[in-house]
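A.B. asks: Before we start, here is the structure in question, set down as structure tokens.
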Amino acid sequence: TTIELARTIQQKILHSSDLAAAPEERILEQLQPTIQLMLADDYSSIEHAAQYAVQILYVQLSDDLKSAIPERYRGADACPYPGLAAFSEGTALFFHGRADDVRTAVAGLDRTMLAITGPSGVGKSSFINAGLLPEIRRQWGEKAKYLSFRLNTGIEPLSDLAHYLSEQEAGPPKQLSAALSQRDDGLLESLQKLRPVGDGRVLFIVDQFEELFVGEGQSRASERQHFLDNLLWIDVQSPRWLTIIIATRENFYEHPDYIGRPRLSQIVQDENIPL
């Protein structure tokens, strides 16, 4: 087990851009105690243990990597850890340890819908905002529209989406709400209005997707169904200019509105990027 774990960690180190600047002798110095630490814990798999080992190595070697941080960010007033708050694009410089996942997600952007999944607290929002989004901006540039919508418990999802799209200047809230609730192509039409002219692209992020399945009142259930129908209509149409990323926990797989949509299950459970 020790040899297998060491080999897996070695492979991850070789493919980790975050550890590329660390001296080899310092990595070897920290490797053995890190392996022993992983073996002392009960991890579900060698792969899981190796992933955490690489993250621990990065923290342990952070002093060797300081040279990668611009001078203006090295002062005492710049804390690289935001505590319980998620990393943002503004703090992307301090976000490390997910380079491999970012590359995997970027490679999946040829799909219309991409799901980022993982348990609560694993860092899905941080991964998207400080890891994936900056890389997409770097590749797509200014000829794209970047939208991020966050679902919340206690707020009607479709109405909230209509107000958000209105703030982005897609149209009046009442008109948008009617389109979303009466037609499956309402969201696609609204996002098309926000598409930059020419060959511009649109990235639409839906964070906390699991909140869509909270609440069972008639109004909530109706809005949830229309929300899902609009998303899946976009998946069927597969417009090349539009990419939708959903970030979600995995606690709604038995919900009837989820089970009744096999394509949604395929996107979330089979074609996802797990963190």
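Order determines the names: the first chain of the structure tokens is A, the second B, and so forth; residues in each chain are numbered 1 upward, and ligands are numbered 1 upward as they are shown.
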List every residue of range 99-238 of chain A that DSSP, applied to the backbone of this structure, places in helix (DSSP H, G or I), and write the result as an MDAnalysis selection string.

C.D. replies: chainID A and resid 99:107 124:140 157:167 173:182 186:193 209:213 218:237

A.B. asks: Using only C-alpha atoms, determine which residues lie at most 6 Å from Val268 in chain A, disregarding the query and same-chain residues fewer than 3 positions distant; provide the list as a list in words.

C.D. replies: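 So, after excluding close chain neighbours, the residues are Ala115, Ser265 and Asn272 of chain A.
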
A.B. asks: Go ahead and compute the interatomic distance for CA of Ile245 in chain A and CA of Ala179 in chain A, in Å to one decimal.

C.D. replies: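 Spanning CA of Ile245 in chain A to CA of Ala179 in chain A is a straight-line distance of 21.7 Å.
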
A.B. asks: Might you pull out every residue within 8 Å of Arg224 in chain A, with only C-alpha atoms counted and same-chain residues fewer than 5 positions away left off, and present them as a list in words?

C.D. replies: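 Final neighbour list, sorted by chain and number: Pro157, Leu158, Leu212 and Phe213 of chain A.
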
A.B. asks: Rank nothing, just name the residue among A:Leu14, A:Leu161, A:Ile273, A:Val236 nearest to Leu180 in chain A, using only C-alpha atoms.

C.D. replies: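 Of A:Leu14, A:Leu161, A:Ile273, A:Val236, the one nearest Leu180 in chain A is A:Leu161, counting only C-alpha atoms.
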
A.B. asks: Figure out the distance between CA of Phe149 in chain A and CA of Ile128 in chain A, please, to one decimal in Å.

C.D. replies: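 Between these atoms lies a distance of 12.3 Å.
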
A.B. asks: If I take CA of Gly118 in chain A and CA of Tyr253 in chain A, how far is one from the other in Å, to one decimal?

C.D. replies: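 Value for the CA of Gly118 in chain A-CA of Tyr253 in chain A distance: 13.0 Å.
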
A.B. asks: Find the residues near Thr248 in chain A: any atom within 9 Å, counting only C-alpha atoms, skip ones fewer than 6 places away on the same chain, and give them as a list in words.

C.D. replies: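 Returned residues: Ala115, Ile116, Thr117, Gly118, Pro119, Ser120, Lys124, Val206, Asp207, Gln208, Phe209, Glu210, Glu211 and Val268 of chain A.
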
A.B. asks: Output all heavy atoms for every residue in the selection just made, as a short mmCIF file (atom, residue, chain, number, x, y, z; two decimals), in the first residue's frame.

C.D. replies:
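Written output follows (result-v2.cif):
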data_model
loop_
_atom_site.label_atom_id
_atom_site.label_comp_id
_atom_site.auth_asym_id
_atom_site.auth_seq_id
_atom_site.Cartn_x
_atom_site.Cartn_y
_atom_site.Cartn_z
N ALA A 115 -21.42 19.90 -15.28
CA ALA A 115 -21.73 19.90 -13.85
C ALA A 115 -20.46 19.75 -13.03
O ALA A 115 -19.65 18.85 -13.28
CB ALA A 115 -22.71 18.79 -13.52
N ILE A 116 -20.29 20.64 -12.05
CA ILE A 116 -19.21 20.54 -11.07
C ILE A 116 -19.86 20.04 -9.78
O ILE A 116 -20.69 20.73 -9.20
CB ILE A 116 -18.52 21.90 -10.83
CG1 ILE A 116 -18.09 22.54 -12.16
CG2 ILE A 116 -17.35 21.74 -9.88
CD1 ILE A 116 -17.07 21.75 -12.93
N THR A 117 -19.51 18.85 -9.34
CA THR A 117 -20.20 18.24 -8.20
C THR A 117 -19.25 17.98 -7.05
O THR A 117 -18.03 17.86 -7.23
CB THR A 117 -20.87 16.92 -8.62
OG1 THR A 117 -19.85 15.98 -9.04
CG2 THR A 117 -21.85 17.13 -9.76
N GLY A 118 -19.82 17.86 -5.86
CA GLY A 118 -19.02 17.54 -4.68
C GLY A 118 -19.79 17.84 -3.42
O GLY A 118 -20.80 18.56 -3.45
N PRO A 119 -19.34 17.31 -2.28
CA PRO A 119 -20.05 17.53 -1.01
C PRO A 119 -19.94 18.97 -0.54
O PRO A 119 -19.11 19.75 -1.04
CB PRO A 119 -19.34 16.57 -0.05
CG PRO A 119 -17.98 16.38 -0.65
CD PRO A 119 -18.17 16.44 -2.13
N SER A 120 -20.75 19.32 0.42
CA SER A 120 -20.72 20.67 0.99
C SER A 120 -19.36 20.96 1.59
O SER A 120 -18.78 20.13 2.30
CB SER A 120 -21.81 20.79 2.07
OG SER A 120 -21.77 22.06 2.67
N LYS A 124 -16.58 24.05 -4.27
CA LYS A 124 -17.09 24.16 -5.66
C LYS A 124 -17.13 25.61 -6.12
O LYS A 124 -16.71 25.92 -7.24
CB LYS A 124 -18.48 23.53 -5.75
CG LYS A 124 -18.52 22.03 -5.41
CD LYS A 124 -19.91 21.46 -5.52
CE LYS A 124 -20.85 22.00 -4.47
NZ LYS A 124 -20.48 21.60 -3.08
N VAL A 206 -24.62 28.44 -12.85
CA VAL A 206 -25.71 28.28 -11.87
C VAL A 206 -25.11 27.63 -10.63
O VAL A 206 -24.78 26.44 -10.62
CB VAL A 206 -26.85 27.41 -12.42
CG1 VAL A 206 -27.97 27.30 -11.37
CG2 VAL A 206 -27.39 27.98 -13.72
N ASP A 207 -24.93 28.43 -9.57
CA ASP A 207 -24.32 27.93 -8.34
C ASP A 207 -25.42 27.47 -7.37
O ASP A 207 -26.55 27.96 -7.42
CB ASP A 207 -23.48 29.03 -7.70
CG ASP A 207 -22.46 28.48 -6.72
OD1 ASP A 207 -22.39 27.25 -6.54
OD2 ASP A 207 -21.72 29.29 -6.11
N GLN A 208 -25.06 26.54 -6.50
CA GLN A 208 -25.98 25.96 -5.53
C GLN A 208 -27.22 25.37 -6.21
O GLN A 208 -28.35 25.56 -5.78
CB GLN A 208 -26.39 26.98 -4.46
CG GLN A 208 -25.27 27.43 -3.57
CD GLN A 208 -25.72 28.21 -2.35
OE1 GLN A 208 -25.01 28.36 -1.39
NE2 GLN A 208 -26.95 28.73 -2.38
N PHE A 209 -26.98 24.61 -7.26
CA PHE A 209 -28.06 24.02 -8.04
C PHE A 209 -28.97 23.15 -7.18
O PHE A 209 -30.18 23.02 -7.45
CB PHE A 209 -27.46 23.20 -9.19
CG PHE A 209 -28.46 22.59 -10.12
CD1 PHE A 209 -29.18 23.36 -11.01
CD2 PHE A 209 -28.67 21.21 -10.13
CE1 PHE A 209 -30.09 22.79 -11.88
CE2 PHE A 209 -29.57 20.63 -10.99
CZ PHE A 209 -30.29 21.42 -11.87
N GLU A 210 -28.41 22.54 -6.12
CA GLU A 210 -29.20 21.66 -5.26
C GLU A 210 -30.35 22.38 -4.57
O GLU A 210 -31.36 21.76 -4.20
CB GLU A 210 -28.31 20.99 -4.20
CG GLU A 210 -27.78 21.90 -3.12
CD GLU A 210 -26.55 22.69 -3.53
OE1 GLU A 210 -26.04 22.48 -4.65
OE2 GLU A 210 -26.09 23.52 -2.71
N GLU A 211 -30.23 23.72 -4.41
CA GLU A 211 -31.29 24.48 -3.75
C GLU A 211 -32.59 24.48 -4.57
O GLU A 211 -33.66 24.75 -4.04
CB GLU A 211 -30.84 25.92 -3.52
CG GLU A 211 -29.65 26.07 -2.57
CD GLU A 211 -29.98 25.65 -1.16
OE1 GLU A 211 -31.18 25.60 -0.82
OE2 GLU A 211 -29.04 25.38 -0.39
N VAL A 268 -25.40 15.30 -14.55
CA VAL A 268 -24.92 15.52 -13.18
C VAL A 268 -24.09 14.37 -12.65
O VAL A 268 -23.13 14.58 -11.91
CB VAL A 268 -26.12 15.80 -12.24
CG1 VAL A 268 -25.68 15.87 -10.79
CG2 VAL A 268 -26.82 17.10 -12.65
#

A.B. asks: Write out as a list in words the residues lying within 9 Å of Leu264 in chain A, counting only C-alpha atoms and excluding same-chain residues fewer than 5 positions away.

C.D. replies: Leu228, Leu232, Tyr258, Ile259 and Gln269 of chain A

A.B. asks: Under the rule that only C-alpha atoms are counted, which of A:Leu275, A:Ile267, A:Ala144, A:Val214 is the nearest residue to Asp235 in chain A?

C.D. replies: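 With only C-alpha atoms as the atom set, the closest residue is A:Ile267.
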
A.B. asks: Using only C-alpha atoms for the distances, tell me which of A:Ser126, A:Gln51, A:Gln10, A:Gln237 is nearest to Glu189 in chain A.

C.D. replies: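 Residue with the minimum atom-to-atom distance to Glu189 in chain A: A:Gln237.
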
A.B. asks: Running DSSP on the backbone, which parts of range 81-202 of chain A land in strand (DSSP E or B), as a ChimeraX atom specification?

C.D. replies: /A:113-117,144-150,201-202
